[in-house]
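Below is one structure, written out as structure tokens; comments come after it.
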Amino acid sequence: MNRILIAEDEFRIASFLEKGLRANGFTTVVAPDAPEALAMAQSNDFDLLILDLGLPGKDGLQVLEELRGQGEQLPIIILTARDDISDKVAGLEGGADDYMTKPFRFEELLARVRLQLRKSHLPKGKEETVLMVGNVMLDLRTRRVRVNGELVELSAREFTLTEILLRHRGQVMSREQLLNHVWGYDYDPGSNIVDVYIGYLRKKLGGKLIETVRGMGYRFQA
């Protein structure tokens with residue numbers, strides 16, 4: 001199980017990241033300031049670092065510079081509110097593997113995390129590129145879905161929702177989990193958008209594939 005260090009001082013974002021990553025099988029630890037982030041990153045106990053630049057105690061770019069200066073090869077994804085091109089250039093040239101700006105969508109961050117972990121840990125040719133459950137096949141490379149061999153057109157959000165359900169096939173996913181994964185941490189938690197999109201998918205994929213678990217959420221039948 002991959003361990004991810006989250007260097008983030010804003011509690012709401014750190015909590016959102018922890019919940020989303022843990023729901024996808026990762027172990028997470030939060031470092032709320034720069035000194036703690038540095039110490040933890042140097043411990044060799046983590047597989048990837050998500051680094052905010054506006055950390056208390058020291059700028060995140062300095063944290064990045066110190067880690068790379070010590071020869072630390074830990075994959076680092078910068079996640080920050082700084083969207084100036086000079087900051088992005090400084091981060092990437094300073095040794096970051098990727099750079100994302102806030103606000104962000106969790107599914108995009110998750111894809112980038114998986115990409116960096118594949119690059120650093122998984123043997124070539126072992127990536128999971130097709131998800132198949134029953135008569136539903138989802139191709140992650142071409143972003144296409146087939147049901148009984150027939151191509152089904154899905155919107156970007158429908159595709160992401162289908163991917164989450166297939167990856168967790170047989171498991172109950174709460175509305176909150178699905179909302180966080182597909183629509184992001186800043187979306188209204190009282191919205192019924194998840195139920196609306198589940199309705200769309202039932203019409204396109206088949207009404208019996210996605211089960212409603214009363215009071216809990218939804219489950220894709222394995």
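We label chains A, B, ... in the order they appear in the structure tokens, count residues from 1 in each chain, and number ligands from 1 in the order shown.
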
Write out as an mmCIF file with all heavy atoms, in the first residue's frame the residues lying within 8 Å of Asp139 in chain A, counting only C-alpha atoms and excluding same-chain residues fewer than 5 positions away.
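The result, written out as out13.cif:
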```cif
data_model
loop_
_atom_site.group_PDB
_atom_site.id
_atom_site.type_symbol
_atom_site.label_atom_id
_atom_site.label_comp_id
_atom_site.auth_asym_id
_atom_site.auth_seq_id
_atom_site.Cartn_x
_atom_site.Cartn_y
_atom_site.Cartn_z
ATOM 1 N N THR A 129 -5.150 -0.409 -17.687
ATOM 2 C CA THR A 129 -5.686 0.538 -18.668
ATOM 3 C C THR A 129 -7.125 0.222 -19.041
ATOM 4 O O THR A 129 -7.786 1.056 -19.658
ATOM 5 C CB THR A 129 -4.830 0.538 -19.948
ATOM 6 O OG1 THR A 129 -4.810 -0.783 -20.490
ATOM 7 C CG2 THR A 129 -3.412 0.994 -19.647
ATOM 8 N N VAL A 130 -7.609 -0.947 -18.688
ATOM 9 C CA VAL A 130 -8.990 -1.329 -18.983
ATOM 10 C C VAL A 130 -9.642 -1.860 -17.718
ATOM 11 O O VAL A 130 -9.094 -2.729 -17.043
ATOM 12 C CB VAL A 130 -9.055 -2.393 -20.095
ATOM 13 C CG1 VAL A 130 -10.500 -2.861 -20.296
ATOM 14 C CG2 VAL A 130 -8.500 -1.848 -21.402
ATOM 15 N N LEU A 131 -10.817 -1.320 -17.397
ATOM 16 C CA LEU A 131 -11.620 -1.829 -16.289
ATOM 17 C C LEU A 131 -12.815 -2.558 -16.882
ATOM 18 O O LEU A 131 -13.511 -2.019 -17.740
ATOM 19 C CB LEU A 131 -12.106 -0.674 -15.405
ATOM 20 C CG LEU A 131 -11.034 0.200 -14.748
ATOM 21 C CD1 LEU A 131 -11.688 1.341 -13.980
ATOM 22 C CD2 LEU A 131 -10.144 -0.615 -13.826
ATOM 23 N N ARG A 144 -13.264 5.548 -23.557
ATOM 24 C CA ARG A 144 -14.475 5.004 -24.154
ATOM 25 C C ARG A 144 -15.061 3.900 -23.284
ATOM 26 O O ARG A 144 -14.336 3.194 -22.588
ATOM 27 C CB ARG A 144 -14.182 4.459 -25.559
ATOM 28 C CG ARG A 144 -13.889 5.548 -26.586
ATOM 29 C CD ARG A 144 -13.637 4.968 -27.963
ATOM 30 N NE ARG A 144 -13.449 6.013 -28.963
ATOM 31 C CZ ARG A 144 -13.168 5.785 -30.228
ATOM 32 N NH1 ARG A 144 -13.028 4.537 -30.655
ATOM 33 N NH2 ARG A 144 -13.013 6.797 -31.069
ATOM 34 N N VAL A 145 -16.374 3.767 -23.364
ATOM 35 C CA VAL A 145 -17.089 2.750 -22.596
ATOM 36 C C VAL A 145 -17.926 1.907 -23.555
ATOM 37 O O VAL A 145 -18.570 2.449 -24.462
ATOM 38 C CB VAL A 145 -18.011 3.390 -21.538
ATOM 39 C CG1 VAL A 145 -18.799 2.316 -20.798
ATOM 40 C CG2 VAL A 145 -17.198 4.206 -20.547
#
```

Next item on the list: Report as an MDAnalysis selection string: the residues of range 5-219 of chain A with a DSSP assignment of alpha helix (DSSP H), based on the backbone of this structure.
Entry: chainID A and resid 11:23 34:41 60:69 85:93 106:120 156:167 175:183 193:205

Checklist line | Nearby residues (only C-alpha atoms) at most 9 Å from Gln221 in chain A, same-chain spacing under 3 positions excluded, as a list in words | finding: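 Near neighbours after the sequence-gap exclusion: Val133, Gly134, Leu166, Arg169, Gly170, Gln171, Lys208, Leu209, Ile210 and Glu211 of chain A.
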
Take the residues from that selection and put them in a file with all heavy atoms, as an mmCIF file, in the first residue's frame.
```
data_model
loop_
_atom_site.group_PDB
_atom_site.id
_atom_site.type_symbol
_atom_site.label_atom_id
_atom_site.label_comp_id
_atom_site.auth_asym_id
_atom_site.auth_seq_id
_atom_site.Cartn_x
_atom_site.Cartn_y
_atom_site.Cartn_z
ATOM 1 N N VAL A 133 -16.178 -5.009 -15.811
ATOM 2 C CA VAL A 133 -17.053 -5.651 -14.837
ATOM 3 C C VAL A 133 -18.299 -6.119 -15.573
ATOM 4 O O VAL A 133 -19.041 -5.299 -16.133
ATOM 5 C CB VAL A 133 -17.449 -4.696 -13.695
ATOM 6 C CG1 VAL A 133 -18.360 -5.421 -12.705
ATOM 7 C CG2 VAL A 133 -16.219 -4.173 -12.978
ATOM 8 N N GLY A 134 -18.496 -7.425 -15.600
ATOM 9 C CA GLY A 134 -19.646 -7.967 -16.307
ATOM 10 C C GLY A 134 -19.588 -7.595 -17.778
ATOM 11 O O GLY A 134 -18.589 -7.834 -18.467
ATOM 12 N N LEU A 166 -16.507 1.481 -10.889
ATOM 13 C CA LEU A 166 -15.884 0.231 -11.334
ATOM 14 C C LEU A 166 -14.661 -0.110 -10.496
ATOM 15 O O LEU A 166 -14.422 -1.284 -10.177
ATOM 16 C CB LEU A 166 -15.497 0.342 -12.812
ATOM 17 C CG LEU A 166 -16.631 0.321 -13.830
ATOM 18 C CD1 LEU A 166 -16.075 0.413 -15.245
ATOM 19 C CD2 LEU A 166 -17.480 -0.930 -13.699
ATOM 20 N N ARG A 169 -15.866 -1.688 -7.371
ATOM 21 C CA ARG A 169 -16.975 -2.597 -7.633
ATOM 22 C C ARG A 169 -17.225 -3.504 -6.423
ATOM 23 O O ARG A 169 -16.294 -4.022 -5.801
ATOM 24 C CB ARG A 169 -16.675 -3.447 -8.862
ATOM 25 C CG ARG A 169 -15.304 -4.097 -8.872
ATOM 26 C CD ARG A 169 -14.997 -4.631 -10.272
ATOM 27 N NE ARG A 169 -13.647 -5.150 -10.424
ATOM 28 C CZ ARG A 169 -12.597 -4.408 -10.773
ATOM 29 N NH1 ARG A 169 -12.742 -3.111 -10.957
ATOM 30 N NH2 ARG A 169 -11.407 -4.953 -10.933
ATOM 31 N N GLY A 170 -18.487 -3.652 -6.120
ATOM 32 C CA GLY A 170 -18.871 -4.471 -4.980
ATOM 33 C C GLY A 170 -18.847 -3.730 -3.663
ATOM 34 O O GLY A 170 -19.350 -4.239 -2.658
ATOM 35 N N GLN A 171 -18.279 -2.516 -3.642
ATOM 36 C CA GLN A 171 -18.220 -1.713 -2.425
ATOM 37 C C GLN A 171 -19.287 -0.628 -2.469
ATOM 38 O O GLN A 171 -19.614 -0.115 -3.530
ATOM 39 C CB GLN A 171 -16.855 -1.049 -2.271
ATOM 40 C CG GLN A 171 -15.679 -2.014 -2.252
ATOM 41 C CD GLN A 171 -14.359 -1.277 -2.190
ATOM 42 O OE1 GLN A 171 -14.250 -0.189 -1.635
ATOM 43 N NE2 GLN A 171 -13.329 -1.849 -2.776
ATOM 44 N N LYS A 208 -29.917 -2.184 -13.768
ATOM 45 C CA LYS A 208 -29.672 -3.081 -12.642
ATOM 46 C C LYS A 208 -28.214 -3.115 -12.189
ATOM 47 O O LYS A 208 -27.893 -3.768 -11.195
ATOM 48 C CB LYS A 208 -30.118 -4.498 -13.015
ATOM 49 C CG LYS A 208 -31.616 -4.620 -13.270
ATOM 50 C CD LYS A 208 -32.006 -6.054 -13.585
ATOM 51 C CE LYS A 208 -33.504 -6.175 -13.814
ATOM 52 N NZ LYS A 208 -33.910 -7.578 -14.120
ATOM 53 N N LEU A 209 -27.331 -2.444 -12.907
ATOM 54 C CA LEU A 209 -25.907 -2.528 -12.587
ATOM 55 C C LEU A 209 -25.532 -1.727 -11.343
ATOM 56 O O LEU A 209 -24.644 -2.120 -10.582
ATOM 57 C CB LEU A 209 -25.069 -2.038 -13.770
ATOM 58 C CG LEU A 209 -25.068 -2.944 -15.001
ATOM 59 C CD1 LEU A 209 -24.315 -2.272 -16.141
ATOM 60 C CD2 LEU A 209 -24.442 -4.291 -14.670
ATOM 61 N N ILE A 210 -26.193 -0.594 -11.132
ATOM 62 C CA ILE A 210 -25.869 0.268 -9.999
ATOM 63 C C ILE A 210 -26.972 0.141 -8.959
ATOM 64 O O ILE A 210 -28.109 0.541 -9.182
ATOM 65 C CB ILE A 210 -25.709 1.734 -10.434
ATOM 66 C CG1 ILE A 210 -24.655 1.847 -11.534
ATOM 67 C CG2 ILE A 210 -25.327 2.607 -9.239
ATOM 68 C CD1 ILE A 210 -24.514 3.231 -12.122
ATOM 69 N N GLU A 211 -26.611 -0.424 -7.834
ATOM 70 C CA GLU A 211 -27.572 -0.690 -6.766
ATOM 71 C C GLU A 211 -27.605 0.465 -5.768
ATOM 72 O O GLU A 211 -26.563 0.996 -5.374
ATOM 73 C CB GLU A 211 -27.180 -1.981 -6.039
ATOM 74 C CG GLU A 211 -28.054 -2.295 -4.836
ATOM 75 C CD GLU A 211 -27.504 -3.452 -4.017
ATOM 76 O OE1 GLU A 211 -26.404 -3.938 -4.353
ATOM 77 O OE2 GLU A 211 -28.159 -3.844 -3.038
#
```

Within 12 Å of range 187-196 of chain A, which residues of range 65-132 of chain A show up? Give each one with its shortest atom-to-atom distance in Å (one decimal) and the two atoms involved, counting only C-alpha atoms, rows by chain then rising residue number, as JSON lines.
```
{"residue": "A:Pro103", "atom": "CA", "partner": "A:Tyr187", "partner_atom": "CA", "distance": 10.8}
{"residue": "A:Phe104", "atom": "CA", "partner": "A:Tyr187", "partner_atom": "CA", "distance": 11.0}
{"residue": "A:Arg105", "atom": "CA", "partner": "A:Tyr187", "partner_atom": "CA", "distance": 10.0}
{"residue": "A:Phe106", "atom": "CA", "partner": "A:Tyr187", "partner_atom": "CA", "distance": 11.3}
```

Margin query: Which residues are close to His168 in chain A, i.e. within 10 Å by only C-alpha atoms, leaving aside same-chain residues fewer than 2 positions away? Reply as a ChimeraX atom specification.
Written below: /A:23-24,162-166,170-173,219-222

Checklist line | Residue among A:Ala90, A:Met132, A:Val30, A:Val152 lying closest to Glu65 in chain A, counting only C-alpha atoms | finding: A:Ala90

Residue contacts of Gln70 in chain A (12 Å, only C-alpha atoms) excluding same-chain residues fewer than 6 positions away, as a PDB file with C-alpha atoms, in the first residue's frame:
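Wrote selection.pdb, looks like this:
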```pdb
ATOM      1  CA  LEU A  38      10.890  18.143   5.648  1.00  0.00           C
ATOM      2  CA  ALA A  41       9.911  13.458   3.667  1.00  0.00           C
ATOM      3  CA  GLN A  42      13.489  12.657   4.691  1.00  0.00           C
ATOM      4  CA  VAL A  63      11.309  22.616   1.100  1.00  0.00           C
ATOM      5  CA  LEU A  64      11.537  21.358  -2.474  1.00  0.00           C
ATOM      6  CA  GLY A  95      12.602  19.401  -9.146  1.00  0.00           C
TER       7      GLY A  95
END
```

Check: Taking into account only C-alpha atoms, which residue in the set A:Pro32, A:Gly184, A:Gly25, A:Gly206 is nearest to Glu108 in chain A?
Finding: A:Gly184

Check: Please, what distance in Å, to one decimal, runs between CA of Phe16 in chain A and CA of Val213 in chain A?
Finding: 23.5 Å

Checklist line | Interatomic distance, CA of Asp97 in chain A to CA of Leu140 in chain A (Å, one decimal) | finding: 21.8 Å

Item checked: Nearest to Leu61 in chain A by atom-to-atom distance, counting only C-alpha atoms, from A:Glu93, A:Ile85, A:Ala31, A:Met40 ->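 Closest to Leu61 in chain A of all the choices is A:Glu93.
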
Determine, for each residue of range 31-150 of chain A having at least one atom at most 12 Å from an atom of range 5-10 of chain A, the closest pair of atoms and their separation in Å to one decimal, counting only C-alpha atoms; order by chain and ascending number, as a Markdown table.
```
| residue | atom | partner | partner_atom | distance |
| --- | --- | --- | --- | --- |
| A:Ala31 | CA | A:Ala7 | CA | 4.7 |
| A:Pro32 | CA | A:Asp9 | CA | 4.3 |
| A:Asp33 | CA | A:Asp9 | CA | 6.2 |
| A:Ala34 | CA | A:Ala7 | CA | 7.4 |
| A:Pro35 | CA | A:Ala7 | CA | 10.0 |
| A:Glu36 | CA | A:Ala7 | CA | 8.4 |
| A:Ala37 | CA | A:Ala7 | CA | 5.8 |
| A:Leu38 | CA | A:Ala7 | CA | 9.1 |
| A:Ala39 | CA | A:Leu5 | CA | 11.1 |
| A:Met40 | CA | A:Leu5 | CA | 7.8 |
| A:Ala41 | CA | A:Leu5 | CA | 7.4 |
| A:Gln42 | CA | A:Leu5 | CA | 11.0 |
| A:Ser43 | CA | A:Leu5 | CA | 11.0 |
| A:Asn44 | CA | A:Leu5 | CA | 10.8 |
| A:Asp45 | CA | A:Leu5 | CA | 9.0 |
| A:Phe46 | CA | A:Leu5 | CA | 6.4 |
| A:Asp47 | CA | A:Leu5 | CA | 7.9 |
| A:Leu48 | CA | A:Leu5 | CA | 6.3 |
| A:Leu49 | CA | A:Leu5 | CA | 4.8 |
| A:Ile50 | CA | A:Ile6 | CA | 4.9 |
| A:Leu51 | CA | A:Ala7 | CA | 4.9 |
| A:Asp52 | CA | A:Glu8 | CA | 5.4 |
| A:Leu53 | CA | A:Glu8 | CA | 8.5 |
| A:Gly54 | CA | A:Asp9 | CA | 8.1 |
| A:Leu55 | CA | A:Asp9 | CA | 6.2 |
| A:Pro56 | CA | A:Asp9 | CA | 7.3 |
| A:Gly57 | CA | A:Asp9 | CA | 10.7 |
| A:Lys58 | CA | A:Ala7 | CA | 11.7 |
| A:Asp59 | CA | A:Ala7 | CA | 11.4 |
| A:Gly60 | CA | A:Ala7 | CA | 8.8 |
| A:Val63 | CA | A:Ala7 | CA | 10.1 |
| A:Leu64 | CA | A:Ala7 | CA | 11.3 |
| A:Leu74 | CA | A:Leu5 | CA | 10.3 |
| A:Pro75 | CA | A:Leu5 | CA | 10.5 |
| A:Ile76 | CA | A:Leu5 | CA | 9.5 |
| A:Ile77 | CA | A:Ile6 | CA | 9.8 |
| A:Ile78 | CA | A:Ala7 | CA | 9.4 |
| A:Leu79 | CA | A:Glu8 | CA | 8.8 |
| A:Thr80 | CA | A:Glu8 | CA | 9.2 |
| A:Ala81 | CA | A:Glu10 | CA | 11.5 |
| A:Val113 | CA | A:Leu5 | CA | 11.6 |
```
